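This is query-v4.json (JSON, C-alpha atoms).
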[["chain", "number", "residue", "atom", "x", "y", "z"],
["V", 1, "MET", "CA", 10.44, -20.84, 16.72],
["V", 2, "PRO", "CA", 6.60, -20.83, 16.55],
["V", 3, "LEU", "CA", 4.86, -17.59, 15.61],
["V", 4, "PRO", "CA", 2.60, -15.83, 18.16],
["V", 5, "ALA", "CA", -0.98, -16.97, 17.82],
["V", 6, "HIS", "CA", -2.27, -13.46, 17.12],
["V", 7, "HIS", "CA", -0.18, -13.33, 13.94],
["V", 8, "ARG", "CA", -1.38, -16.60, 12.44],
["V", 9, "ARG", "CA", -4.47, -15.24, 10.75],
["V", 10, "THR", "CA", -5.76, -16.93, 7.63],
["V", 11, "LEU", "CA", -6.99, -14.56, 4.95],
["V", 12, "VAL", "CA", -9.02, -15.23, 1.81],
["V", 13, "VAL", "CA", -6.93, -15.43, -1.35],
["V", 14, "LEU", "CA", -7.71, -12.45, -3.56],
["V", 15, "LEU", "CA", -5.81, -12.28, -6.83],
["V", 16, "VAL", "CA", -7.89, -9.66, -8.63],
["V", 17, "GLY", "CA", -6.49, -6.67, -10.47],
["V", 18, "THR", "CA", -3.48, -6.24, -8.22],
["V", 19, "CYS", "CA", -1.90, -9.46, -9.54],
["V", 20, "LEU", "CA", 0.78, -8.67, -12.11],
["V", 21, "LEU", "CA", 1.30, -11.13, -14.92],
["V", 22, "LEU", "CA", 5.02, -11.71, -15.12],
["V", 23, "SER", "CA", 7.01, -14.34, -16.99],
["V", 24, "GLY", "CA", 9.88, -16.34, -15.56],
["V", 25, "CYS", "CA", 10.80, -19.65, -14.11],
["V", 26, "GLY", "CA", 9.22, -21.01, -10.92],
["V", 27, "LEU", "CA", 10.89, -20.10, -7.65],
["V", 28, "GLU", "CA", 11.40, -22.63, -4.93],
["V", 29, "SER", "CA", 13.36, -21.57, -1.89],
["V", 30, "SER", "CA", 16.67, -23.29, -1.33],
["V", 31, "ALA", "CA", 17.17, -21.14, 1.74],
["V", 32, "THR", "CA", 14.87, -22.83, 4.24],
["V", 33, "PRO", "CA", 16.50, -22.04, 7.60],
["V", 34, "ALA", "CA", 17.12, -24.81, 10.09],
["V", 35, "ASP", "CA", 14.93, -24.74, 13.20],
["V", 36, "ASP", "CA", 17.91, -23.89, 15.42],
["V", 37, "GLU", "CA", 19.14, -21.02, 13.22],
["V", 38, "PRO", "CA", 17.63, -17.51, 13.07],
["V", 39, "THR", "CA", 15.97, -16.57, 9.80],
["V", 40, "THR", "CA", 17.68, -13.71, 7.96],
["V", 41, "LEU", "CA", 15.31, -11.50, 5.99],
["V", 42, "GLY", "CA", 16.13, -8.67, 3.62],
["V", 43, "PHE", "CA", 13.62, -5.83, 3.24],
["V", 44, "VAL", "CA", 13.86, -3.65, 0.13],
["V", 45, "ASN", "CA", 11.62, -0.63, 0.67],
["V", 46, "GLY", "CA", 10.42, 1.45, -2.26],
["V", 47, "GLY", "CA", 10.26, 5.02, -0.95],
["V", 48, "SER", "CA", 9.90, 7.34, 2.02],
["V", 49, "THR", "CA", 6.22, 8.27, 2.20],
["V", 50, "GLU", "CA", 4.38, 7.72, 5.46],
["V", 51, "PHE", "CA", 3.21, 4.34, 4.15],
["V", 52, "HIS", "CA", 6.79, 3.23, 3.45],
["V", 53, "THR", "CA", 7.99, 4.48, 6.84],
["V", 54, "CYS", "CA", 5.19, 2.74, 8.75],
["V", 55, "LEU", "CA", 5.61, -0.45, 6.71],
["V", 56, "GLN", "CA", 9.30, -0.61, 7.57],
["V", 57, "GLU", "CA", 8.64, 0.03, 11.26],
["V", 58, "SER", "CA", 6.07, -2.78, 11.30],
["V", 59, "ILE", "CA", 8.45, -5.19, 9.53],
["V", 60, "GLU", "CA", 11.27, -4.33, 11.92],
["V", 61, "ASN", "CA", 9.07, -4.82, 15.00],
["V", 62, "THR", "CA", 7.63, -8.11, 13.76],
["V", 63, "ALA", "CA", 11.01, -9.51, 12.72],
["V", 64, "LYS", "CA", 12.36, -8.73, 16.18],
["V", 65, "SER", "CA", 9.41, -10.39, 17.93],
["V", 66, "ASN", "CA", 9.97, -13.51, 15.80],
["V", 67, "PHE", "CA", 13.73, -13.61, 16.50],
["V", 68, "ALA", "CA", 14.59, -13.02, 12.84],
["V", 69, "LYS", "CA", 17.58, -11.03, 11.62],
["V", 70, "LEU", "CA", 16.64, -8.15, 9.30],
["V", 71, "VAL", "CA", 18.65, -6.17, 6.74],
["V", 72, "THR", "CA", 16.93, -3.10, 5.22],
["V", 73, "VAL", "CA", 17.61, -0.84, 2.23],
["V", 74, "ASN", "CA", 15.56, 1.80, 0.39],
["V", 75, "SER", "CA", 15.21, 2.17, -3.38],
["V", 76, "ARG", "CA", 13.81, 5.73, -3.18],
["V", 77, "GLN", "CA", 11.47, 5.27, -6.14],
["V", 78, "ASP", "CA", 14.41, 4.38, -8.43],
["V", 79, "ALA", "CA", 14.06, 1.16, -10.44],
["V", 80, "ALA", "CA", 17.80, 0.86, -11.07],
["V", 81, "ARG", "CA", 18.54, 1.27, -7.38],
["V", 82, "GLU", "CA", 15.93, -1.38, -6.57],
["V", 83, "LEU", "CA", 17.68, -3.96, -8.75],
["V", 84, "ALA", "CA", 21.01, -3.03, -7.16],
["V", 85, "ASN", "CA", 19.40, -3.53, -3.74],
["V", 86, "ILE", "CA", 18.19, -6.98, -4.77],
["V", 87, "GLN", "CA", 21.75, -7.83, -5.85],
["V", 88, "ASP", "CA", 23.02, -6.58, -2.48],
["V", 89, "MET", "CA", 20.59, -8.86, -0.65],
["V", 90, "ILE", "CA", 21.73, -11.80, -2.77],
["V", 91, "ALA", "CA", 25.34, -11.04, -1.84],
["V", 92, "ARG", "CA", 24.33, -11.02, 1.84],
["V", 93, "HIS", "CA", 22.85, -14.54, 1.45],
["V", 94, "VAL", "CA", 19.53, -13.67, 3.07],
["V", 95, "ASP", "CA", 16.96, -16.45, 3.40],
["V", 96, "ALA", "CA", 14.26, -14.39, 1.68],
["V", 97, "ILE", "CA", 13.68, -10.87, 0.35],
["V", 98, "ILE", "CA", 10.57, -8.88, 1.31],
["V", 99, "LEU", "CA", 10.02, -6.31, -1.44],
["V", 100, "GLN", "CA", 7.91, -3.16, -1.69],
["V", 101, "THR", "CA", 8.54, -2.58, -5.37],
["V", 102, "VAL", "CA", 8.96, 0.74, -7.17],
["V", 103, "ASN", "CA", 7.15, -0.35, -10.34],
["V", 104, "THR", "CA", 6.26, -3.34, -12.48],
["V", 105, "THR", "CA", 9.28, -2.99, -14.77],
["V", 106, "ALA", "CA", 11.62, -3.16, -11.80],
["V", 107, "LEU", "CA", 9.68, -6.06, -10.31],
["V", 108, "LYS", "CA", 10.10, -8.29, -13.36],
["V", 109, "SER", "CA", 13.90, -7.86, -13.29],
["V", 110, "ASP", "CA", 14.01, -8.32, -9.51],
["V", 111, "ILE", "CA", 12.21, -11.65, -9.64],
["V", 112, "ALA", "CA", 14.46, -12.92, -12.41],
["V", 113, "LYS", "CA", 17.63, -11.85, -10.57],
["V", 114, "ALA", "CA", 16.58, -13.36, -7.23],
["V", 115, "GLY", "CA", 15.31, -16.51, -8.94],
["V", 116, "SER", "CA", 18.68, -17.13, -10.57],
["V", 117, "ALA", "CA", 20.25, -16.98, -7.10],
["V", 118, "HIS", "CA", 17.56, -19.28, -5.62],
["V", 119, "ILE", "CA", 16.50, -16.64, -3.09],
["V", 120, "PRO", "CA", 12.71, -16.29, -2.81],
["V", 121, "ILE", "CA", 10.90, -12.96, -2.95],
["V", 122, "PHE", "CA", 7.86, -12.06, -0.85],
["V", 123, "LEU", "CA", 5.94, -9.05, -2.15],
["V", 124, "THR", "CA", 4.02, -6.36, -0.29],
["V", 125, "SER", "CA", 1.11, -4.36, -1.78],
["V", 126, "VAL", "CA", 1.12, -6.16, -5.15],
["V", 127, "SER", "CA", 1.51, -9.75, -6.31],
["V", 128, "ALA", "CA", 2.91, -11.68, -9.26],
["V", 129, "ASP", "CA", 2.57, -15.14, -10.78],
["V", 130, "PRO", "CA", 2.46, -17.30, -7.62],
["V", 131, "SER", "CA", 4.90, -19.79, -9.16],
["V", 132, "ASP", "CA", 7.55, -17.05, -9.36],
["V", 133, "ILE", "CA", 7.40, -15.82, -5.77],
["V", 134, "LEU", "CA", 7.43, -17.14, -2.22],
["V", 135, "GLY", "CA", 4.22, -15.25, -1.45],
["V", 136, "ALA", "CA", 2.64, -11.82, -1.09],
["V", 137, "VAL", "CA", 0.39, -9.68, 1.04],
["V", 138, "VAL", "CA", -1.61, -7.50, -1.30],
["V", 139, "VAL", "CA", -3.85, -4.47, -1.09],
["V", 140, "ASP", "CA", -6.83, -4.83, -3.42],
["V", 141, "LEU", "CA", -6.38, -1.34, -4.84],
["V", 142, "LYS", "CA", -9.38, -1.58, -7.15],
["V", 143, "ALA", "CA", -11.59, -2.37, -4.17],
["V", 144, "VAL", "CA", -10.01, 0.48, -2.18],
["V", 145, "GLY", "CA", -10.83, 2.98, -4.94],
["V", 146, "LYS", "CA", -14.35, 1.65, -5.27],
["V", 147, "LEU", "CA", -15.05, 2.19, -1.57],
["V", 148, "ASP", "CA", -14.43, 5.92, -2.03],
["V", 149, "ALA", "CA", -16.57, 5.90, -5.17],
["V", 150, "ASP", "CA", -19.40, 4.20, -3.26],
["V", 151, "TRP", "CA", -19.26, 6.94, -0.63],
["V", 152, "ILE", "CA", -19.65, 9.61, -3.33],
["V", 153, "GLU", "CA", -22.59, 7.72, -4.83],
["V", 154, "ASP", "CA", -24.34, 7.74, -1.45],
["V", 155, "ALA", "CA", -23.46, 11.38, -0.74],
["V", 156, "ALA", "CA", -24.55, 12.63, -4.17],
["V", 157, "ALA", "CA", -27.89, 10.82, -3.83],
["V", 158, "GLY", "CA", -28.58, 10.95, -7.56],
["V", 159, "ARG", "CA", -27.56, 14.61, -8.10],
["V", 160, "GLU", "CA", -25.37, 15.49, -11.08],
["V", 161, "VAL", "CA", -21.92, 16.13, -9.56],
["V", 162, "GLN", "CA", -18.41, 16.94, -10.79],
["V", 163, "VAL", "CA", -15.42, 14.92, -9.59],
["V", 164, "GLY", "CA", -11.70, 15.65, -9.85],
["V", 165, "VAL", "CA", -8.95, 13.02, -9.52],
["V", 166, "ILE", "CA", -5.46, 13.73, -8.20],
["V", 167, "ALA", "CA", -3.57, 10.53, -8.99],
["V", 168, "GLY", "CA", -0.19, 9.31, -7.78],
["V", 169, "ALA", "CA", 2.66, 8.21, -10.04],
["V", 170, "PRO", "CA", 1.72, 6.50, -13.31],
["V", 171, "GLY", "CA", 2.18, 2.77, -12.83],
["V", 172, "ALA", "CA", 0.53, -0.24, -11.25],
["V", 173, "ALA", "CA", -0.48, 1.08, -7.82],
["V", 174, "SER", "CA", -1.93, 4.45, -8.82],
["V", 175, "ASP", "CA", -3.52, 3.15, -12.01],
["V", 176, "LEU", "CA", -5.30, 0.33, -10.19],
["V", 177, "LEU", "CA", -6.46, 2.63, -7.40],
["V", 178, "VAL", "CA", -7.76, 5.34, -9.73],
["V", 179, "GLY", "CA", -9.28, 2.76, -12.07],
["V", 180, "GLY", "CA", -11.23, 1.18, -9.23],
["V", 181, "PHE", "CA", -12.47, 4.61, -8.21],
["V", 182, "THR", "CA", -13.51, 5.92, -11.62],
["V", 183, "ARG", "CA", -15.20, 2.68, -12.66],
["V", 184, "GLY", "CA", -17.05, 2.59, -9.36],
["V", 185, "LEU", "CA", -18.64, 6.01, -9.77],
["V", 186, "PRO", "CA", -22.33, 6.24, -10.66],
["V", 187, "ALA", "CA", -23.48, 7.73, -13.97],
["V", 188, "ASN", "CA", -24.47, 11.01, -12.28],
["V", 189, "ALA", "CA", -20.85, 11.62, -11.13],
["V", 190, "LYS", "CA", -18.72, 13.02, -13.98],
["V", 191, "VAL", "CA", -14.91, 13.02, -13.79],
["V", 192, "VAL", "CA", -13.98, 16.46, -15.16],
["V", 193, "ALA", "CA", -10.24, 16.33, -14.40],
["V", 194, "ASN", "CA", -7.68, 13.58, -13.79],
["V", 195, "GLN", "CA", -4.05, 14.55, -13.21],
["V", 196, "PRO", "CA", -1.05, 12.79, -11.60],
["V", 197, "ALA", "CA", 0.82, 14.40, -8.73],
["V", 198, "MET", "CA", 3.46, 11.67, -8.33],
["V", 199, "PHE", "CA", 2.57, 11.07, -4.65],
["V", 200, "VAL", "CA", 4.28, 14.41, -3.87],
["V", 201, "ALA", "CA", 2.40, 16.87, -1.66],
["V", 202, "ALA", "CA", 3.80, 19.99, -3.33],
["V", 203, "LYS", "CA", 2.70, 18.74, -6.75],
["V", 204, "ALA", "CA", -0.73, 17.84, -5.42],
["V", 205, "LYS", "CA", -1.11, 21.39, -4.17],
["V", 206, "THR", "CA", -0.33, 22.76, -7.63],
["V", 207, "VAL", "CA", -2.65, 20.29, -9.35],
["V", 208, "ALA", "CA", -5.50, 21.08, -6.95],
["V", 209, "ALA", "CA", -5.12, 24.83, -7.46],
["V", 210, "SER", "CA", -5.21, 24.41, -11.22],
["V", 211, "MET", "CA", -8.15, 22.01, -11.03],
["V", 212, "ILE", "CA", -10.42, 24.30, -9.01],
["V", 213, "LYS", "CA", -9.56, 27.23, -11.24],
["V", 214, "ALA", "CA", -10.58, 25.27, -14.35],
["V", 215, "HIS", "CA", -13.62, 23.69, -12.63],
["V", 216, "PRO", "CA", -15.04, 26.13, -10.06],
["V", 217, "ASP", "CA", -18.17, 23.96, -9.64],
["V", 218, "LEU", "CA", -16.17, 20.91, -8.55],
["V", 219, "ASP", "CA", -18.04, 18.89, -5.90],
["V", 220, "TYR", "CA", -15.62, 16.08, -4.96],
["V", 221, "ALA", "CA", -11.91, 15.33, -5.24],
["V", 222, "PHE", "CA", -10.39, 11.86, -5.04],
["V", 223, "VAL", "CA", -6.74, 12.09, -3.93],
["V", 224, "ALA", "CA", -4.54, 8.98, -4.15],
["V", 225, "ASN", "CA", -3.01, 9.30, -0.68],
["V", 226, "GLU", "CA", -3.49, 11.39, 2.43],
["V", 227, "GLU", "CA", -0.20, 13.27, 2.24],
["V", 228, "MET", "CA", -1.31, 14.71, -1.09],
["V", 229, "ALA", "CA", -4.84, 15.19, 0.22],
["V", 230, "PHE", "CA", -3.70, 17.55, 2.97],
["V", 231, "ALA", "CA", -1.86, 19.69, 0.42],
["V", 232, "ALA", "CA", -4.84, 19.61, -1.93],
["V", 233, "ARG", "CA", -7.15, 20.71, 0.89],
["V", 234, "LYS", "CA", -5.03, 23.81, 1.53],
["V", 235, "ALA", "CA", -4.93, 24.69, -2.17],
["V", 236, "LEU", "CA", -8.67, 24.21, -2.63],
["V", 237, "ASP", "CA", -9.50, 26.31, 0.42],
["V", 238, "ALA", "CA", -7.18, 29.11, -0.69],
["V", 239, "ALA", "CA", -8.75, 29.18, -4.17],
["V", 240, "GLY", "CA", -12.39, 29.27, -3.09],
["V", 241, "GLY", "CA", -12.96, 25.51, -3.14],
["V", 242, "LYS", "CA", -13.88, 24.99, 0.51],
["V", 243, "LYS", "CA", -17.08, 23.23, -0.54],
["V", 244, "VAL", "CA", -15.14, 20.48, -2.37],
["V", 245, "LYS", "CA", -15.32, 17.25, -0.40],
["V", 246, "ILE", "CA", -12.11, 15.16, -0.41],
["V", 247, "VAL", "CA", -12.03, 11.36, -0.40],
["V", 248, "THR", "CA", -8.68, 9.66, -0.06],
["V", 249, "VAL", "CA", -6.72, 6.57, 1.04],
["V", 250, "ASN", "CA", -4.64, 5.27, 3.98],
["V", 251, "GLY", "CA", -6.22, 5.83, 7.40],
["V", 252, "THR", "CA", -3.43, 7.61, 9.27],
["V", 253, "ASP", "CA", -4.00, 9.27, 12.64],
["V", 254, "GLU", "CA", -3.73, 12.70, 10.99],
["V", 255, "ALA", "CA", -6.41, 11.76, 8.48],
["V", 256, "LEU", "CA", -8.76, 10.52, 11.20],
["V", 257, "ALA", "CA", -8.46, 13.95, 12.82],
["V", 258, "ALA", "CA", -9.20, 15.56, 9.44],
["V", 259, "LEU", "CA", -12.34, 13.44, 9.11],
["V", 260, "LYS", "CA", -13.54, 14.62, 12.49],
["V", 261, "ASP", "CA", -13.03, 18.32, 11.74],
["V", 262, "GLY", "CA", -14.41, 18.13, 8.20],
["V", 263, "ARG", "CA", -11.27, 18.62, 6.10],
["V", 264, "PHE", "CA", -11.76, 15.13, 4.63],
["V", 265, "ALA", "CA", -15.08, 13.42, 3.91],
["V", 266, "ALA", "CA", -13.86, 9.83, 3.72],
["V", 267, "THR", "CA", -10.74, 7.70, 3.58],
["V", 268, "VAL", "CA", -10.06, 3.99, 3.16],
["V", 269, "SER", "CA", -7.98, 2.28, 5.81],
["V", 270, "ASN", "CA", -5.38, -0.17, 4.51],
["V", 271, "SER", "CA", -3.05, -0.52, 7.48],
["V", 272, "ALA", "CA", 0.70, -0.47, 6.83],
["V", 273, "LYS", "CA", 1.06, -2.06, 10.28],
["V", 274, "ASP", "CA", -1.08, -5.05, 9.25],
["V", 275, "THR", "CA", 0.75, -5.39, 5.93],
["V", 276, "GLY", "CA", 4.15, -5.46, 7.60],
["V", 277, "GLU", "CA", 3.12, -7.99, 10.22],
["V", 278, "LEU", "CA", 1.65, -10.34, 7.63],
["V", 279, "ALA", "CA", 4.70, -9.98, 5.40],
["V", 280, "VAL", "CA", 7.12, -11.14, 8.08],
["V", 281, "THR", "CA", 5.02, -13.88, 9.69],
["V", 282, "ASN", "CA", 3.91, -15.35, 6.37],
["V", 283, "THR", "CA", 7.44, -15.22, 4.93],
["V", 284, "ILE", "CA", 8.81, -17.19, 7.89],
["V", 285, "SER", "CA", 5.95, -19.69, 7.76],
["V", 286, "LEU", "CA", 6.36, -20.25, 4.01],
["V", 287, "LEU", "CA", 10.12, -20.72, 4.38],
["V", 288, "ARG", "CA", 9.42, -23.39, 6.99],
["V", 289, "LYS", "CA", 6.81, -25.09, 4.77],
["V", 290, "GLU", "CA", 4.09, -24.33, 7.30],
["V", 291, "LYS", "CA", 0.50, -24.01, 6.14],
["V", 292, "VAL", "CA", -0.36, -20.37, 5.48],
["V", 293, "GLU", "CA", -2.04, -18.49, 2.65],
["V", 294, "LYS", "CA", 0.49, -17.81, -0.10],
["V", 295, "ILE", "CA", -1.32, -14.66, -1.23],
["V", 296, "ALA", "CA", -2.87, -12.81, 1.72],
["V", 297, "THR", "CA", -4.85, -9.58, 1.66],
["V", 298, "THR", "CA", -4.61, -6.49, 3.87],
["V", 299, "PRO", "CA", -8.16, -5.66, 4.97],
["V", 300, "ALA", "CA", -9.59, -2.40, 3.57],
["V", 301, "ARG", "CA", -12.34, -0.41, 5.29],
["V", 302, "LEU", "CA", -14.17, 2.85, 4.52],
["V", 303, "ILE", "CA", -13.65, 5.37, 7.31],
["V", 304, "THR", "CA", -15.75, 8.51, 7.86],
["V", 305, "ARG", "CA", -16.38, 10.84, 10.77],
["V", 306, "THR", "CA", -18.92, 8.42, 12.24],
["V", 307, "ASN", "CA", -16.55, 5.45, 12.61],
["V", 308, "ALA", "CA", -13.16, 7.18, 12.83],
["V", 309, "ASP", "CA", -12.72, 6.17, 16.46],
["V", 310, "THR", "CA", -12.79, 2.47, 15.53],
["V", 311, "ALA", "CA", -10.36, 2.66, 12.59],
["V", 312, "PRO", "CA", -7.46, 0.14, 12.54],
["V", 313, "LEU", "CA", -4.05, 1.36, 13.66],
["V", 314, "TYR", "CA", -2.20, 2.49, 10.53],
["V", 315, "CYS", "CA", 1.34, 2.78, 11.87],
["V", 316, "PRO", "CA", 2.88, 0.85, 14.79],
["V", 317, "SER", "CA", 2.63, 2.83, 18.01],
["V", 318, "ASP", "CA", 5.71, 3.39, 20.14],
["V", 319, "GLY", "CA", 6.77, 0.16, 21.77],
["V", 320, "SER", "CA", 4.50, -2.05, 19.64]]
Reformat the file's structure so that it appears as structure tokens.
Amino acid sequence: MPLPAHHRRTLVVLLVGTCLLLSGCGLESSATPADDEPTTLGFVNGGSTEFHTCLQESIENTAKSNFAKLVTVNSRQDAARELANIQDMIARHVDAIILQTVNTTALKSDIAKAGSAHIPIFLTSVSADPSDILGAVVVDLKAVGKLDADWIEDAAAGREVQVGVIAGAPGAASDLLVGGFTRGLPANAKVVANQPAMFVAAKAKTVAASMIKAHPDLDYAFVANEEMAFAARKALDAAGGKKVKIVTVNGTDEALAALKDGRFAATVSNSAKDTGELAVTNTISLLRKEKVEKIATTPARLITRTNADTAPLYCPSDGS
């Protein structure tokens, strides 16, 4: 069944720092569905943050609109559970597996396991050796981090400023994001603290409270997602850090409101809705040997108070 025209966008291939170098044999799909049979996709989600929830909703909606069957499971940030979920999808004989991986260690085992069963994997958020996977839709996390760094450079206007970093969980996604941010900062912006909060709001609140106590002259805080940023904002305000400007990542509706009322200074939109749509439509096209970019990129855009009203939709709206 042909895909709707509005989904058949061609994106520039971008295999920068998000590409993971993994070993293993090449993966060619032996599960190309016949034109008169519905495609069966398995989606292995990695967690339950707002990103994961919106990504799954987008994948479910897009699969339905393309008359594909969908089976979903959640690894809940557990690498062992992720591999078990891959094995479950193999047992269900899905045509392809869409995977939002927990970490790079899990991903390597997943690709090997699916490859031995001749079931292709399509990745979301990160990529791998293109010969090992069906395809991917990636977020250029280094570029996302740099956009926030560029905003601080403009805002600081050459002044000597102090910057704190509240990272996510150690591993590919957070490391790439934070690395892009810190390397993008100008010489006049000094990182005085850099601590992980595991993408958990309660931990981010504790880290932020400790950070402002140790660095009362802190000017800016980079927080690796908006859920943590809201918690950090509360902690900073309670500890006398109301002047600290927060830059963060995602572009949710709640964050756009926070930009407008001044709780956040900037965020970077990388729509979970767009990622999910591309994952499903590109997976189906690649299974059918149709021409589509093997490694696509979710667009990223700096959002501030001035352009918040034109930000892309982060999560599918009801009925979409």
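The smallest atom-to-atom distance between Leu41 of chain V and any of V:Ala229, V:Val191, V:Ala91, V:Ile98, using all atoms listed in the file, is found for V:Ile98.
Pairwise distance (atom CA of Gly262 of chain V, atom CA of Leu141 of chain V) equals 24.8 Å.
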>> If I take atom CA of Arg305 of chain V and atom CA of Phe264 of chain V, how far is one from the other in Å, to one decimal?
In response: 8.8 Å
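For the pair atom CA of Leu123 of chain V and atom CA of Ala279 of chain V, the separation is 7.7 Å.
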>> Quick one: residues within 12 Å of Ala265 of chain V, all atoms listed in the file, excluding same-chain residues fewer than 6 positions away - as a PyMOL selection string?
In response: chain V and resi 148-149+151-152+155+219-223+226+229+233+243-249+255-259+302-308
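Look at Thr101 of chain V: the protein and nucleic acid residues within 10 Å of it, using all atoms listed in the file and passing over chain neighbours fewer than 4 places away, are Val44, Asn45, Gly46, Gly47, Ser75, Gln77, Asp78, Ala79, Glu82, Leu83, Thr105, Ala106, Leu107, Lys108, Asp110, Leu123, Thr124, Ser125 and Val126 of chain V.
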> Taking (-2.9, 3.6, 15.2) in the file's coordinates as the center, which residues reach within 10 Å of it, counting only C-alpha atoms, put as a PyMOL selection string?
Replying inline: chain V and resi 251-253+256+271-273+310-318
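Each of V:Gln195, V:Thr53, V:Ser131, V:Asn103 was compared to Ala173 of chain V using all atoms listed in the file, and V:Asn103 turns out to be the nearest.
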>> Just want the 12 Å neighbourhood of Val144 of chain V, counted on all atoms listed in the file, with same-chain residues fewer than 4 positions away dropped. Output as an MDAnalysis selection string.
In response: chainID V and resid 17:18 138:140 148:151 173:174 176:184 222 224:225 247:251 266:271 297:303
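In terms of minimum interatomic distance to Lys213 of chain V, V:Gly240 ranks closest within V:Gln87, V:Phe51, V:Gly240, V:Ala63, counting all atoms listed in the file.
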> Do you know which residues lie at most 10 Å from (11.9, -15.1, 7.2), with coordinates as in the file and all atoms listed in the file counted, and could you write them as a PyMOL selection string?
Replying inline: chain V and resi 31-33+38-42+63+66-70+94-98+122+279-288
